[in-house]
Structures are given as C-alpha cells and as structure tokens.
file work39.txt (compact mmCIF, C-alpha atoms and all ligand atoms)
# COMPACT_ATOMS: atom_id res chain seq x y z
CA MET A 118 -28.46 -18.49 -48.39
CA HIS A 119 -31.58 -20.59 -48.08
CA LEU A 120 -34.84 -18.63 -47.78
CA THR A 121 -38.26 -20.09 -46.97
CA HIS A 122 -41.23 -19.47 -49.31
CA GLU A 123 -42.50 -16.78 -46.91
CA GLU A 124 -39.12 -15.04 -46.82
CA GLU A 125 -38.90 -15.16 -50.63
CA ALA A 126 -42.37 -13.61 -50.85
CA VAL A 127 -41.33 -10.71 -48.59
CA LEU A 128 -38.17 -10.26 -50.66
CA ASN A 129 -40.31 -10.13 -53.83
CA GLY A 130 -42.38 -7.30 -52.40
CA GLU A 131 -45.56 -9.27 -51.73
CA GLU A 132 -45.86 -7.66 -48.26
CA GLY A 133 -45.10 -4.13 -49.37
CA GLU A 134 -42.13 -1.97 -50.24
CA THR A 135 -40.89 -1.37 -46.70
CA LYS A 136 -40.65 -5.04 -45.81
CA GLN A 137 -39.06 -5.73 -49.18
CA GLN A 138 -36.41 -3.07 -48.54
CA LEU A 139 -35.75 -4.35 -45.01
CA MET A 140 -35.55 -7.97 -46.14
CA GLU A 141 -33.01 -6.88 -48.75
CA ILE A 142 -30.89 -5.44 -45.93
CA LEU A 143 -31.06 -8.71 -43.96
CA VAL A 144 -30.32 -10.91 -46.97
CA GLY A 145 -27.48 -8.60 -48.01
CA VAL A 146 -25.91 -8.81 -44.54
CA GLY A 147 -26.44 -12.58 -44.50
CA LYS A 148 -24.69 -13.02 -47.84
CA VAL A 149 -21.71 -10.87 -46.83
CA PHE A 150 -21.20 -12.90 -43.64
CA GLY A 151 -21.98 -16.31 -45.14
CA ALA A 152 -25.25 -17.01 -43.28
CA ASP A 153 -26.94 -20.24 -44.32
CA GLU A 154 -30.46 -19.18 -43.34
CA MET A 155 -32.52 -16.74 -41.26
CA VAL A 156 -33.30 -17.36 -37.60
CA GLN A 157 -36.35 -16.24 -35.63
CA ILE A 158 -35.51 -13.62 -32.96
CA ARG A 159 -37.04 -13.08 -29.53
CA SER A 160 -36.42 -9.30 -29.43
CA ALA A 161 -34.63 -6.39 -31.06
CA GLN A 162 -32.82 -3.34 -29.75
CA VAL A 163 -32.38 -0.57 -32.26
CA SER A 164 -29.55 1.96 -32.24
CA GLY A 165 -29.39 5.09 -34.35
CA ALA A 166 -31.96 6.78 -32.18
CA SER A 167 -30.15 9.97 -31.18
CA TYR A 168 -30.61 12.89 -33.55
CA LYS A 169 -27.00 13.74 -32.61
CA THR A 170 -25.86 10.60 -34.44
CA ILE A 171 -28.42 9.99 -37.24
CA GLY A 172 -29.10 13.58 -38.31
CA GLU A 173 -31.54 14.70 -41.00
CA TRP A 174 -30.81 11.89 -43.44
CA GLY A 175 -31.60 9.22 -40.84
CA LEU A 176 -34.84 10.94 -39.88
CA LYS A 177 -35.96 11.12 -43.53
CA TRP A 178 -35.27 7.41 -44.01
CA LEU A 179 -37.31 6.48 -40.94
CA LEU A 180 -40.23 8.61 -42.14
CA SER A 181 -40.17 6.81 -45.50
CA LEU A 182 -40.85 3.41 -43.88
CA ASP A 183 -44.31 1.92 -43.45
CA ALA A 184 -44.47 -1.27 -41.35
CA ARG A 185 -44.47 -2.34 -37.70
CA ALA A 186 -42.19 -4.40 -35.50
CA CYS A 187 -43.44 -7.94 -34.93
CA VAL A 188 -41.22 -8.81 -31.91
CA PRO A 189 -40.64 -6.84 -28.67
CA SER A 190 -38.32 -4.05 -29.73
CA VAL A 191 -36.77 -1.15 -27.85
CA LEU A 192 -34.73 1.89 -28.77
CA ASN A 193 -31.21 2.75 -27.77
CA PRO A 194 -30.78 5.94 -25.70
CA VAL A 195 -31.66 9.14 -27.54
CA GLY A 196 -30.21 12.65 -27.21
CA MET A 197 -32.31 13.77 -24.24
CA ASP A 198 -34.85 12.77 -21.60
CA ARG A 199 -37.95 12.99 -23.74
CA MET A 200 -39.99 14.41 -20.85
CA ARG A 201 -37.42 16.51 -18.94
CA TRP A 202 -35.27 17.77 -21.81
CA GLU A 203 -35.67 21.40 -20.76
CA GLU A 204 -34.00 20.60 -17.41
CA MET A 205 -31.04 19.27 -19.40
CA ASP A 206 -30.57 22.62 -21.17
CA ILE A 207 -31.26 21.01 -24.53
CA ASP A 208 -31.56 23.40 -27.45
CA PRO A 209 -35.29 23.50 -28.44
CA GLU A 210 -34.39 23.04 -32.13
CA PHE A 211 -32.49 19.83 -31.27
CA ALA A 212 -35.39 18.71 -29.04
CA LYS A 213 -37.86 19.20 -31.88
CA LYS A 214 -35.79 17.02 -34.21
CA GLN A 215 -35.18 14.41 -31.51
CA LEU A 216 -38.90 14.16 -30.75
CA ALA A 217 -39.54 13.69 -34.48
CA VAL A 218 -37.06 10.77 -34.55
CA ILE A 219 -38.72 9.22 -31.50
CA SER A 220 -42.19 9.47 -32.95
CA ALA A 221 -40.94 8.00 -36.26
CA TYR A 222 -39.75 4.94 -34.34
CA GLU A 223 -42.99 4.76 -32.36
CA ARG A 224 -44.94 4.66 -35.65
CA LEU A 225 -42.80 1.65 -36.60
CA GLY A 226 -43.85 -0.19 -33.43
CA ILE A 227 -40.60 0.29 -31.51
CA SER A 228 -41.19 0.74 -27.78
CA LEU A 229 -40.06 4.10 -26.45
CA GLU A 230 -38.08 2.51 -23.66
CA CYS A 231 -34.85 4.13 -24.80
CA THR A 232 -32.15 2.17 -23.03
CA CYS A 233 -28.87 0.33 -23.39
CA THR A 234 -29.99 -2.08 -20.64
CA PRO A 235 -32.93 -3.84 -22.34
CA TYR A 236 -32.06 -6.98 -20.36
CA TYR A 237 -33.85 -5.42 -17.37
CA LEU A 238 -37.11 -5.57 -19.39
CA ASN A 239 -37.41 -9.36 -19.52
CA ILE A 240 -37.16 -9.58 -23.28
CA THR A 241 -34.48 -12.23 -23.36
CA GLU A 242 -33.32 -15.44 -21.72
CA TYR A 243 -30.55 -17.99 -22.09
CA GLY A 244 -30.37 -19.40 -25.64
CA ASP A 245 -32.60 -16.77 -27.31
CA HIS A 246 -31.57 -15.37 -30.68
CA LEU A 247 -31.69 -11.56 -30.70
CA ALA A 248 -30.93 -8.62 -32.95
CA TRP A 249 -29.52 -6.05 -30.55
CA SER A 250 -27.26 -3.24 -31.55
CA GLU A 251 -25.83 -1.26 -28.64
CA SER A 252 -22.43 -2.74 -27.91
CA SER A 253 -22.72 -3.04 -24.11
CA ALA A 254 -26.20 -4.56 -24.39
CA VAL A 255 -24.90 -7.05 -26.95
CA SER A 256 -22.01 -7.96 -24.65
CA TYR A 257 -24.32 -8.45 -21.65
CA ALA A 258 -26.87 -10.49 -23.61
CA ASN A 259 -24.21 -12.82 -25.01
CA SER A 260 -21.95 -13.09 -21.98
CA VAL A 261 -24.08 -12.71 -18.86
CA ILE A 262 -27.42 -14.06 -20.10
CA GLY A 263 -26.15 -16.55 -22.67
CA ALA A 264 -28.46 -15.27 -25.43
CA ARG A 265 -27.10 -14.97 -28.97
CA THR A 266 -26.73 -11.77 -30.91
CA ASN A 267 -24.31 -10.18 -33.28
CA ARG A 268 -23.71 -6.48 -32.89
CA GLU A 269 -26.31 -5.16 -35.31
CA GLY A 270 -26.17 -1.79 -37.02
CA GLY A 271 -29.22 0.47 -36.58
CA PRO A 272 -30.80 -0.40 -39.98
CA SER A 273 -30.25 -4.16 -39.65
CA ALA A 274 -31.69 -4.18 -36.09
CA LEU A 275 -34.72 -2.24 -37.30
CA ALA A 276 -35.10 -4.62 -40.24
CA ALA A 277 -34.94 -7.60 -37.85
CA ALA A 278 -37.52 -5.98 -35.53
CA ILE A 279 -39.98 -5.64 -38.42
CA ILE A 280 -39.25 -8.94 -40.18
CA GLY A 281 -38.83 -10.86 -36.88
CA LYS A 282 -35.70 -12.64 -38.10
CA THR A 283 -31.98 -12.11 -38.56
CA PRO A 284 -29.38 -13.93 -40.64
CA ARG A 285 -27.82 -16.85 -38.78
CA TYR A 286 -24.06 -16.27 -38.67
CA GLY A 287 -21.37 -15.14 -36.24
CA LEU A 288 -22.41 -15.35 -32.58
CA HIS A 289 -25.69 -17.10 -33.44
CA LEU A 290 -23.56 -20.22 -33.99
CA VAL A 291 -22.20 -22.10 -30.95
CA GLU A 292 -18.92 -22.88 -32.68
CA ASN A 293 -18.15 -19.14 -32.91
CA ARG A 294 -18.59 -18.54 -29.17
CA LYS A 295 -15.45 -20.24 -27.89
CA PRO A 296 -12.76 -18.26 -26.05
CA GLU A 297 -9.84 -17.04 -28.14
CA LEU A 298 -7.71 -15.30 -25.51
CA TYR A 299 -7.07 -15.98 -21.82
CA PHE A 300 -6.76 -13.20 -19.22
CA ARG A 301 -5.37 -14.22 -15.86
CA VAL A 302 -6.09 -11.43 -13.37
CA GLU A 303 -3.61 -11.45 -10.49
CA GLY A 304 -3.83 -9.63 -7.18
CA GLU A 305 -6.81 -8.29 -5.27
CA PRO A 306 -8.96 -5.47 -6.67
CA GLN A 307 -8.68 -2.37 -4.44
CA GLN A 308 -12.44 -2.16 -4.43
CA ALA A 309 -15.07 -4.61 -5.60
CA ASP A 310 -16.98 -1.65 -7.06
CA ALA A 311 -18.27 -2.01 -10.64
CA SER A 312 -16.00 0.88 -11.66
CA TRP A 313 -12.95 -1.31 -11.03
CA TYR A 314 -14.34 -3.87 -13.44
CA GLY A 315 -14.97 -1.04 -15.92
CA ALA A 316 -11.31 -0.10 -15.63
CA LEU A 317 -10.31 -3.75 -16.09
CA GLY A 318 -12.47 -3.87 -19.22
CA TYR A 319 -10.88 -0.63 -20.45
CA ILE A 320 -7.48 -2.37 -20.41
CA ALA A 321 -8.67 -5.81 -21.53
CA GLY A 322 -10.66 -4.43 -24.49
CA LYS A 323 -7.58 -2.77 -25.95
CA ILE A 324 -5.70 -6.08 -25.82
CA SER A 325 -8.62 -8.22 -27.05
CA GLY A 326 -9.59 -6.31 -30.20
CA ASN A 327 -12.45 -8.41 -31.55
CA ARG A 328 -11.41 -11.68 -29.92
CA ILE A 329 -13.51 -13.52 -27.30
CA PRO A 330 -11.68 -13.38 -23.96
CA LEU A 331 -11.89 -15.78 -21.05
CA PHE A 332 -11.08 -14.41 -17.59
CA SER A 333 -9.91 -16.15 -14.46
CA GLY A 334 -9.05 -14.69 -11.07
CA ILE A 335 -12.13 -12.45 -10.72
CA ARG A 336 -15.53 -12.94 -9.08
CA PRO A 337 -17.74 -10.18 -10.53
CA GLY A 338 -21.46 -9.81 -9.79
CA ARG A 339 -24.00 -8.69 -12.40
CA ASP A 340 -23.35 -4.92 -12.24
CA GLN A 341 -19.63 -5.58 -12.36
CA LEU A 342 -20.03 -7.84 -15.40
CA LYS A 343 -22.11 -5.09 -17.02
CA ASN A 344 -19.32 -2.57 -16.58
CA LEU A 345 -16.59 -5.02 -17.63
CA GLY A 346 -18.32 -5.94 -20.88
CA ALA A 347 -19.33 -2.37 -21.73
CA ALA A 348 -15.74 -1.18 -21.44
CA MET A 349 -14.33 -4.04 -23.53
CA ALA A 350 -16.89 -3.29 -26.23
CA ALA A 351 -15.73 0.34 -26.22
CA THR A 352 -11.93 0.05 -26.18
CA GLY A 353 -12.06 -3.15 -28.24
CA ALA A 354 -14.83 -4.78 -30.21
CA VAL A 355 -15.63 -7.52 -27.71
CA ALA A 356 -19.20 -8.77 -28.15
CA LEU A 357 -18.84 -11.88 -25.95
CA TYR A 358 -16.59 -12.85 -23.06
CA HIS A 359 -16.48 -15.61 -20.49
CA VAL A 360 -15.52 -15.64 -16.82
CA GLN A 361 -14.55 -18.97 -15.31
CA GLY A 362 -17.11 -20.16 -12.80
CA ILE A 363 -19.39 -17.14 -13.37
CA THR A 364 -20.84 -16.70 -16.88
CA PRO A 365 -23.30 -19.29 -18.21
CA GLU A 366 -21.32 -20.56 -21.16
CA ALA A 367 -18.28 -21.16 -18.99
CA ARG A 368 -20.21 -24.38 -18.33
CA VAL A 369 -20.79 -25.13 -22.02
CA PHE A 370 -17.19 -25.11 -23.16
CA SER A 371 -14.64 -27.28 -21.45
CA PHE A 372 -12.15 -24.53 -21.04
CA ASP A 373 -8.79 -25.89 -21.95
CA THR A 374 -6.70 -22.73 -21.90
CA SER A 375 -3.54 -24.44 -23.15
CA GLY A 376 -4.00 -23.37 -26.79
CA LEU A 377 -4.93 -19.78 -25.97
CA GLU A 378 -2.69 -16.73 -25.84
CA GLU A 379 -2.35 -15.93 -22.12
CA VAL A 380 -2.15 -12.38 -20.81
CA VAL A 381 -1.65 -11.50 -17.15
CA ILE A 382 -3.32 -8.33 -15.90
CA GLU A 383 -2.21 -7.13 -12.47
CA ALA A 384 -4.91 -5.66 -10.24
CA ASN A 385 -2.56 -2.74 -9.49
CA GLU A 386 -2.36 -1.87 -13.18
CA VAL A 387 -6.15 -1.52 -13.20
CA SER A 388 -6.20 0.58 -10.02
CA ASP A 389 -3.63 2.96 -11.57
CA LEU A 390 -6.35 4.26 -13.92
CA PHE A 391 -8.09 5.88 -10.93
CA THR A 392 -6.88 9.46 -10.48
CA ASP A 393 -7.54 12.15 -7.89
CA GLU A 394 -8.55 15.36 -9.70
CA ILE A 395 -11.36 17.85 -9.29
CA PRO A 396 -14.09 17.27 -11.88
CA ASP A 397 -16.61 19.91 -12.90
CA THR A 398 -19.41 17.35 -13.15
CA VAL A 399 -20.17 13.72 -12.31
CA ALA A 400 -22.01 11.38 -14.68
CA ILE A 401 -23.18 7.93 -13.60
CA GLY A 402 -25.17 5.34 -15.51
CA CYS A 403 -23.06 4.05 -18.39
CA PRO A 404 -24.56 1.53 -19.01
CA HIS A 405 -27.86 2.67 -17.50
CA CYS A 406 -28.16 2.03 -13.75
CA SER A 407 -29.69 -1.14 -12.38
CA PRO A 408 -32.25 -0.95 -9.52
CA GLU A 409 -29.45 -1.91 -7.10
CA GLU A 410 -27.21 0.89 -8.37
CA LEU A 411 -29.99 3.47 -7.96
CA SER A 412 -30.63 2.31 -4.45
CA PHE A 413 -26.89 2.43 -3.61
CA LEU A 414 -26.72 5.98 -4.98
CA ALA A 415 -29.70 6.92 -2.83
CA SER A 416 -27.93 5.57 0.24
CA LEU A 417 -24.85 7.67 -0.58
CA LEU A 418 -26.81 10.86 -1.31
CA GLU A 419 -29.37 10.69 1.48
CA GLY A 420 -29.21 13.95 3.46
CA GLN A 421 -26.43 15.39 1.24
CA LYS A 422 -26.33 18.42 -1.08
CA ILE A 423 -24.30 18.29 -4.27
CA THR A 424 -21.81 21.06 -5.04
CA ILE A 425 -21.19 20.19 -8.70
CA PRO A 426 -23.79 18.86 -11.15
CA VAL A 427 -24.53 15.14 -10.96
CA TYR A 428 -26.24 13.40 -13.86
CA ILE A 429 -27.52 9.86 -13.35
CA PHE A 430 -28.97 7.83 -16.20
CA ALA A 431 -31.30 4.83 -16.12
CA ALA A 432 -34.09 3.22 -18.13
CA ARG A 433 -37.51 4.83 -17.59
CA ASN A 434 -38.90 1.48 -16.51
CA ILE A 435 -36.25 1.20 -13.75
CA ILE A 436 -36.76 4.82 -12.65
CA ASN A 437 -40.49 4.18 -12.32
CA ARG A 438 -39.84 1.05 -10.26
CA GLU A 439 -37.34 2.80 -7.96
CA GLN A 440 -39.23 6.00 -7.24
CA GLU A 441 -38.23 6.21 -3.58
CA SER A 442 -34.51 5.99 -4.43
CA VAL A 443 -34.98 8.58 -7.18
CA ARG A 444 -36.73 10.96 -4.76
CA ILE A 445 -33.85 10.68 -2.28
CA ILE A 446 -31.26 11.20 -5.02
CA GLU A 447 -33.02 14.25 -6.43
CA ARG A 448 -33.43 15.85 -2.99
CA SER A 449 -29.63 16.19 -3.01
CA GLY A 450 -29.79 18.21 -6.23
CA ALA A 451 -28.58 15.32 -8.43
CA ARG A 452 -30.80 14.51 -11.40
CA VAL A 453 -31.91 11.10 -12.67
CA PHE A 454 -32.68 11.21 -16.35
CA ALA A 455 -34.27 8.54 -18.56
CA ASP A 456 -33.98 7.84 -22.29
CA THR A 457 -30.49 9.27 -22.71
CA CYS A 458 -26.91 9.22 -21.44
CA MET A 459 -23.78 11.31 -21.01
CA VAL A 460 -22.44 10.22 -24.38
CA VAL A 461 -25.40 10.49 -26.77
CA SER A 462 -26.83 13.69 -25.30
CA PRO A 463 -25.27 17.07 -26.10
CA ALA A 464 -26.03 18.12 -22.47
CA LEU A 465 -22.56 17.32 -21.15
CA GLU A 466 -20.62 19.06 -23.89
CA GLN A 467 -20.44 22.18 -21.67
CA TYR A 468 -18.01 20.56 -19.17
CA SER A 469 -14.26 20.14 -19.31
CA LEU A 470 -13.55 17.28 -16.85
CA ILE A 471 -16.28 14.66 -16.33
CA MET A 472 -15.93 12.10 -13.53
CA VAL A 473 -17.49 8.73 -14.32
CA ASN A 474 -17.62 5.31 -12.69
CA SER A 475 -17.56 3.49 -16.02
CA GLY A 476 -14.76 2.20 -18.24
CA LYS A 477 -16.92 2.70 -21.32
CA ALA A 478 -17.62 6.35 -20.46
CA LEU A 479 -13.92 6.84 -19.70
CA SER A 480 -13.24 5.79 -23.28
CA TYR A 481 -16.13 7.60 -25.04
CA VAL A 482 -16.47 10.91 -23.19
CA PRO A 483 -13.33 12.50 -24.69
CA THR A 484 -14.40 11.83 -28.29
CA MET A 485 -18.17 12.20 -27.95
CA CYS A 486 -18.40 15.06 -25.43
CA GLY A 487 -15.15 16.88 -26.18
CA ALA A 488 -14.29 16.77 -22.47
CA GLU A 489 -11.63 14.98 -20.47
CA ALA A 490 -12.78 12.04 -18.36
CA MET A 491 -11.60 10.52 -15.09
CA ILE A 492 -12.78 7.33 -13.43
CA GLY A 493 -13.60 6.77 -9.77
CA SER A 494 -15.67 4.40 -7.70
CA THR A 495 -19.34 5.30 -7.25
CA ARG A 496 -18.59 6.27 -3.66
CA ASP A 497 -15.71 8.54 -4.75
CA CYS A 498 -17.89 10.14 -7.44
CA ILE A 499 -20.47 11.10 -4.85
CA GLU A 500 -17.86 12.28 -2.35
CA LYS A 501 -16.37 14.61 -4.99
CA ALA A 502 -19.83 15.79 -5.99
CA CYS A 503 -20.74 16.72 -2.41
CA ASN A 504 -17.43 18.30 -1.41
CA PRO A 505 -18.00 22.03 -0.69
CA GLN A 506 -14.46 22.76 -1.92
CA ASN A 507 -15.50 21.67 -5.42
CA MET A 508 -18.52 24.04 -5.44
CA ARG A 509 -19.72 25.45 -8.76
CA GLN A 510 -22.17 28.35 -9.00
CA ASP A 511 -24.27 26.63 -11.68
CA SER A 512 -24.83 23.26 -9.98
CA LEU A 513 -28.07 21.55 -10.86
CA THR A 514 -30.19 22.29 -7.81
FE1 LIG B 601 -25.38 3.20 -22.58
FE2 LIG B 601 -24.71 5.59 -23.34
FE3 LIG B 601 -23.00 4.14 -22.02
S1 LIG B 601 -25.79 4.14 -24.54
S2 LIG B 601 -23.50 2.06 -22.53
S3 LIG B 601 -24.97 4.89 -21.25
S4 LIG B 601 -22.55 5.40 -23.76

call {"tool": "encode", "arguments": {"input": "work39.txt", "output": "structure tokens", "more": "lines below"}}
Ligand code: F3S
result
Amino acid sequence: MHLTHEEEAVLNGEEGETKQQLMEILVGVGKVFGADEMVQIRSAQVSGASYKTIGEWGLKWLLSLDARACVPSVLNPVGMDRMRWEEMDIDPEFAKKQLAVISAYERLGISLECTCTPYYLNITEYGDHLAWSESSAVSYANSVIGARTNREGGPSALAAAIIGKTPRYGLHLVENRKPELYFRVEGEPQQADASWYGALGYIAGKISGNRIPLFSGIRPGRDQLKNLGAAMAATGAVALYHVQGITPEARVFSFDTSGLEEVVIEANEVSDLFTDEIPDTVAIGCPHCSPEELSFLASLLEGQKITIPVYIFAARNIINREQESVRIIERSGARVFADTCMVVSPALEQYSLIMVNSGKALSYVPTMCGAEAMIGSTRDCIEKACNPQNMRQDSLT
C-alpha cells in the first residue's frame, strides 16, 4: 500500500500516539482488503455510540484517545435521547454511562448529531468518498446519492474522521459498483408507502447476501429507497443497489442484465409480510424520519389521541426544522425522540409486540429488543395506535 510522506509521518508517531494508533487501524484495514492507497474523505459517520453496544471497554478506549476529527463527522444513534432520556424511562445508571460516551466523542470533535440519516445534513454529494458506518446510511449514500463508502466499523470510521482519509478499496472503486444480481419485481404494490419497500428489501436482502442488486419494475421515491436499502442491509449485507431509471449510477453502467442471475419477486409475496395483529406499541423512524415523514405523521395524528405508546425517531436537526409537525404529533400523546432509535435504546425492551413501518426494524427488533415485530404501513401504524380497543393503561401521554 502506497503511503505519502505525510501519511508515513503520522504512522511513525510524529503527530502523536492517538493519530499513530488510528493510522495503524486504517493501514491494517487497507492491507487486509488490498487497498493501493488512501483517499481523502468528505465526511465520516461513526457507529459504536450506544453504551448498550460498546459497553465499558469501548468507553475506556474512547477516553484514552487524544485528537480531533478533521472532516465533518457525526455519530450514529445512541441509547437514548440525550435531553429527554427520563421520558424514555431510561435507567439513570445507563444514562450516566451513555452521557459519558457522548462527551468522549464530543471531545474527539464528533458532532453530537446522533443519526443514521446523516445525508439530511448536507455532508455528502454524488462522487464523494466517505467513511460511514451505519448500514442503512451506507446504503443510502452509495445507492441514492452516488457517493462512495464501504461499511466501516466504529473504530475505522473514527480513525478516518480524525485522519481525514480512508483506504481506497471496495466500493471506493467504480469497478466494484456494478450490479451482480437482477430483481424483476412483478405486479403492483398494494400501497406505495415506504413500508412496502421495506418489506421488499426484507425479502431481497435475504436473497442478495452481500451482492449488489439491480431492480426493475419499481418506481420508489427517496423515503421508499431509504426503507428498501435499510432492510436489505439488515437481512443481507447489501451496501449498494441500483434501480433502473431511478438511482444515479443506473446511468453510469450500461445495464446489460443478460449475464446476471435473475430473480422474480411478486408484489403479492411482499404484501404477505403485512399482518393484522394488535401491537402493544408502535415505533416509527427506522431509519430516522425525513421532514416529509414527520409532516405526514402530523397529518395523520392531528386531533387524535393515542391509545398505545407511539415512539417516533428522527435526527435532532430535522426535529428542530419541523417543530410545527412535532408539536402536532406530541399533542396526540406520541413522542418524537432524537439521538436514538427503537433498536439501540433499551426503552422498547419492555414490550412484547412492536409494530413498525420498516423492513429493517422488522428484522432487528426480535434480536435487539427481545420482542416480536410486525410491519404495517405508516397509516396502519397510526390507526392501530389510536384505536380505543387497543388501549393500554400506561400509554405515553
Ligand atoms: Fe437507524 Fe436504528 Fe434503524 S440506527 S436504521 S433507526 S436500527
């Protein structure tokens, strides 16, 4: 792997022990994956931010570091809303540890925008090289924006944030971004809701594994693409996908599908994942809600009262921009939390059947929250949540 004089100097410790250690991580990763050199990154997104996942060892490692990020860098969701954690019934001991993790990252120059939707923060554009780590964010950056990032681990993303570079291999190289599998979707989706695309991704991810799929027969918008990619990254390891006529690199490759394995997915098969049960809570915002999703939720909840708890998750920046929608939503008794989500927070571990509108949450809730999960459209989620027959005594009001 070729290193510049400056990179060699960092590796030799001339800019301090922390940078030396982090450069060793990057060079080690680069050597394992056959990178030829380092590439400058536009931004970083760092996972390993929830105390639930990194624990005491992770916190100690962060506290041992002494350097600052040199490119715009954000955190992945943490275990709680860092301002409203008491409303989430978070154990104060957990909160203390989580706040310590957050302040350790802040000291390293990582912005406390704790979100899996950093693409709403204008820190990337088409063609940028990135070091992002949360799988749905990676999928969106690669597929919907046309930026280039591998799925980084927490330490390698943090190293890239501080060094400002990442090894050039994998999805940083155009030749590795071609489709490897062709999904032909047949039939009409029952609803054009993003949840349907999440369910499609739930199925397609299992078939894809870590291959790059190309879809035809669908016309998703941005929120639908977000849900599709998030689910494929959860049930498979899909970090990039293409949709004919929709995603930017569909224009770059001349898609000759003749050499690709072809799989037909029937729209009915996707709709079969939607069930009609009675959940004990509803969780929306996996990945974190867009401004449009918050405003749609406000339109559904205006003048309503929830009868089971409703948790909605979005980036703090988006919540601040959409205050009127958030006010309307919260008047119904639903809560809009920042910094966290239904999967990384322990808050939802108290429930037994969680209704979501996301294919990724459908996949992760059972293992991460120890609860069963069911998927419904956003409209159905809110209808269930406001149905007096589903009333729970301990609804968030
Ligand atoms: Fe984001 Fe949490 Fe889902 S990190 S993609 S909301 S599991």

call {"tool": "atom_distance", "arguments": {"input": "work39.txt", "atom1": "CA of Thr241 in chain A", "atom2": "CA of Ala276 in chain A"}}
result
18.5 Å

call {"tool": "residues_near_ligand", "arguments": {"input": "work39.txt", "ligand": "ligand LIG 601 (chain B)", "cutoff": "9 Å", "atoms": "all atoms listed in the file", "output": "MDAnalysis selection string"}}
result
chainID A and resid 164 193:195 232:234 251:254 344 347:348 351 401:406 430:431 457:462 475 477:478 481:482

call {"tool": "closest_residue", "arguments": {"input": "work39.txt", "among": "A:Val156, A:Ile471, A:Leu182, A:Ala166", "to": "Asp245 in chain A", "atoms": "all atoms listed in the file"}}
result
A:Val156

call {"tool": "atom_distance", "arguments": {"input": "work39.txt", "atom1": "CA of Ser250 in chain A", "atom2": "CA of Ala316 in chain A"}}
result
22.8 Å

call {"tool": "closest_residue", "arguments": {"input": "work39.txt", "among": "A:Val369, A:Ala212, A:Ile324, A:Cys498", "to": "Phe391 in chain A", "atoms": "only C-alpha atoms"}}
result
A:Cys498

call {"tool": "residues_near_point", "arguments": {"input": "work39.txt", "point": "(-13.1, -7.7, -29.1)", "cutoff": "6 Å", "atoms": "all atoms listed in the file", "output": "list in words"}}
result
Ser325, Gly326, Asn327, Arg328, Gly353, Ala354 and Val355 of chain A

call {"tool": "closest_residue", "arguments": {"input": "work39.txt", "among": "A:Val188, A:Ile335, A:Val149, A:Leu357", "to": "Glu383 in chain A", "atoms": "all atoms listed in the file"}}
result
A:Ile335

call {"tool": "build_atoms", "arguments": {"input": "work39.txt", "residues": "range 267-281 of chain A", "atoms": "N, CA, C and O atoms", "output": "JSON list (two decimals), keeping the file's coordinate frame"}}
result
[["chain", "number", "residue", "atom", "x", "y", "z"],
["A", 267, "ASN", "N", -25.43, -10.93, -32.73],
["A", 267, "ASN", "CA", -24.31, -10.18, -33.28],
["A", 267, "ASN", "C", -24.52, -8.73, -32.90],
["A", 267, "ASN", "O", -25.59, -8.35, -32.44],
["A", 268, "ARG", "N", -23.51, -7.90, -33.12],
["A", 268, "ARG", "CA", -23.71, -6.48, -32.89],
["A", 268, "ARG", "C", -24.30, -5.89, -34.16],
["A", 268, "ARG", "O", -23.61, -5.71, -35.16],
["A", 269, "GLU", "N", -25.61, -5.64, -34.12],
["A", 269, "GLU", "CA", -26.31, -5.16, -35.31],
["A", 269, "GLU", "C", -26.08, -3.66, -35.50],
["A", 269, "GLU", "O", -25.95, -2.92, -34.53],
["A", 270, "GLY", "N", -26.10, -3.22, -36.74],
["A", 270, "GLY", "CA", -26.17, -1.79, -37.02],
["A", 270, "GLY", "C", -27.62, -1.34, -36.82],
["A", 270, "GLY", "O", -28.53, -2.18, -36.73],
["A", 271, "GLY", "N", -27.85, -0.04, -36.76],
["A", 271, "GLY", "CA", -29.22, 0.47, -36.58],
["A", 271, "GLY", "C", -30.18, -0.06, -37.64],
["A", 271, "GLY", "O", -31.23, -0.64, -37.31],
["A", 272, "PRO", "N", -29.86, 0.07, -38.95],
["A", 272, "PRO", "CA", -30.80, -0.40, -39.98],
["A", 272, "PRO", "C", -31.05, -1.90, -39.93],
["A", 272, "PRO", "O", -32.19, -2.35, -40.09],
["A", 273, "SER", "N", -30.01, -2.71, -39.66],
["A", 273, "SER", "CA", -30.25, -4.16, -39.65],
["A", 273, "SER", "C", -31.06, -4.58, -38.43],
["A", 273, "SER", "O", -31.86, -5.51, -38.50],
["A", 274, "ALA", "N", -30.87, -3.87, -37.28],
["A", 274, "ALA", "CA", -31.69, -4.18, -36.09],
["A", 274, "ALA", "C", -33.15, -3.80, -36.34],
["A", 274, "ALA", "O", -34.07, -4.53, -35.97],
["A", 275, "LEU", "N", -33.35, -2.65, -37.00],
["A", 275, "LEU", "CA", -34.72, -2.24, -37.30],
["A", 275, "LEU", "C", -35.36, -3.22, -38.28],
["A", 275, "LEU", "O", -36.54, -3.61, -38.12],
["A", 276, "ALA", "N", -34.58, -3.64, -39.27],
["A", 276, "ALA", "CA", -35.10, -4.62, -40.24],
["A", 276, "ALA", "C", -35.49, -5.91, -39.51],
["A", 276, "ALA", "O", -36.56, -6.48, -39.76],
["A", 277, "ALA", "N", -34.65, -6.36, -38.58],
["A", 277, "ALA", "CA", -34.94, -7.60, -37.85],
["A", 277, "ALA", "C", -36.18, -7.42, -36.97],
["A", 277, "ALA", "O", -36.99, -8.35, -36.84],
["A", 278, "ALA", "N", -36.34, -6.24, -36.38],
["A", 278, "ALA", "CA", -37.52, -5.98, -35.53],
["A", 278, "ALA", "C", -38.80, -6.13, -36.35],
["A", 278, "ALA", "O", -39.79, -6.68, -35.88],
["A", 279, "ILE", "N", -38.76, -5.64, -37.58],
["A", 279, "ILE", "CA", -39.98, -5.64, -38.42],
["A", 279, "ILE", "C", -40.19, -7.00, -39.10],
["A", 279, "ILE", "O", -41.32, -7.49, -39.18],
["A", 280, "ILE", "N", -39.11, -7.62, -39.53],
["A", 280, "ILE", "CA", -39.25, -8.94, -40.18],
["A", 280, "ILE", "C", -39.37, -10.06, -39.13],
["A", 280, "ILE", "O", -39.97, -11.09, -39.37],
["A", 281, "GLY", "N", -38.78, -9.84, -37.94],
["A", 281, "GLY", "CA", -38.83, -10.86, -36.88],
["A", 281, "GLY", "C", -37.73, -11.90, -36.99],
["A", 281, "GLY", "O", -37.72, -12.90, -36.26]]
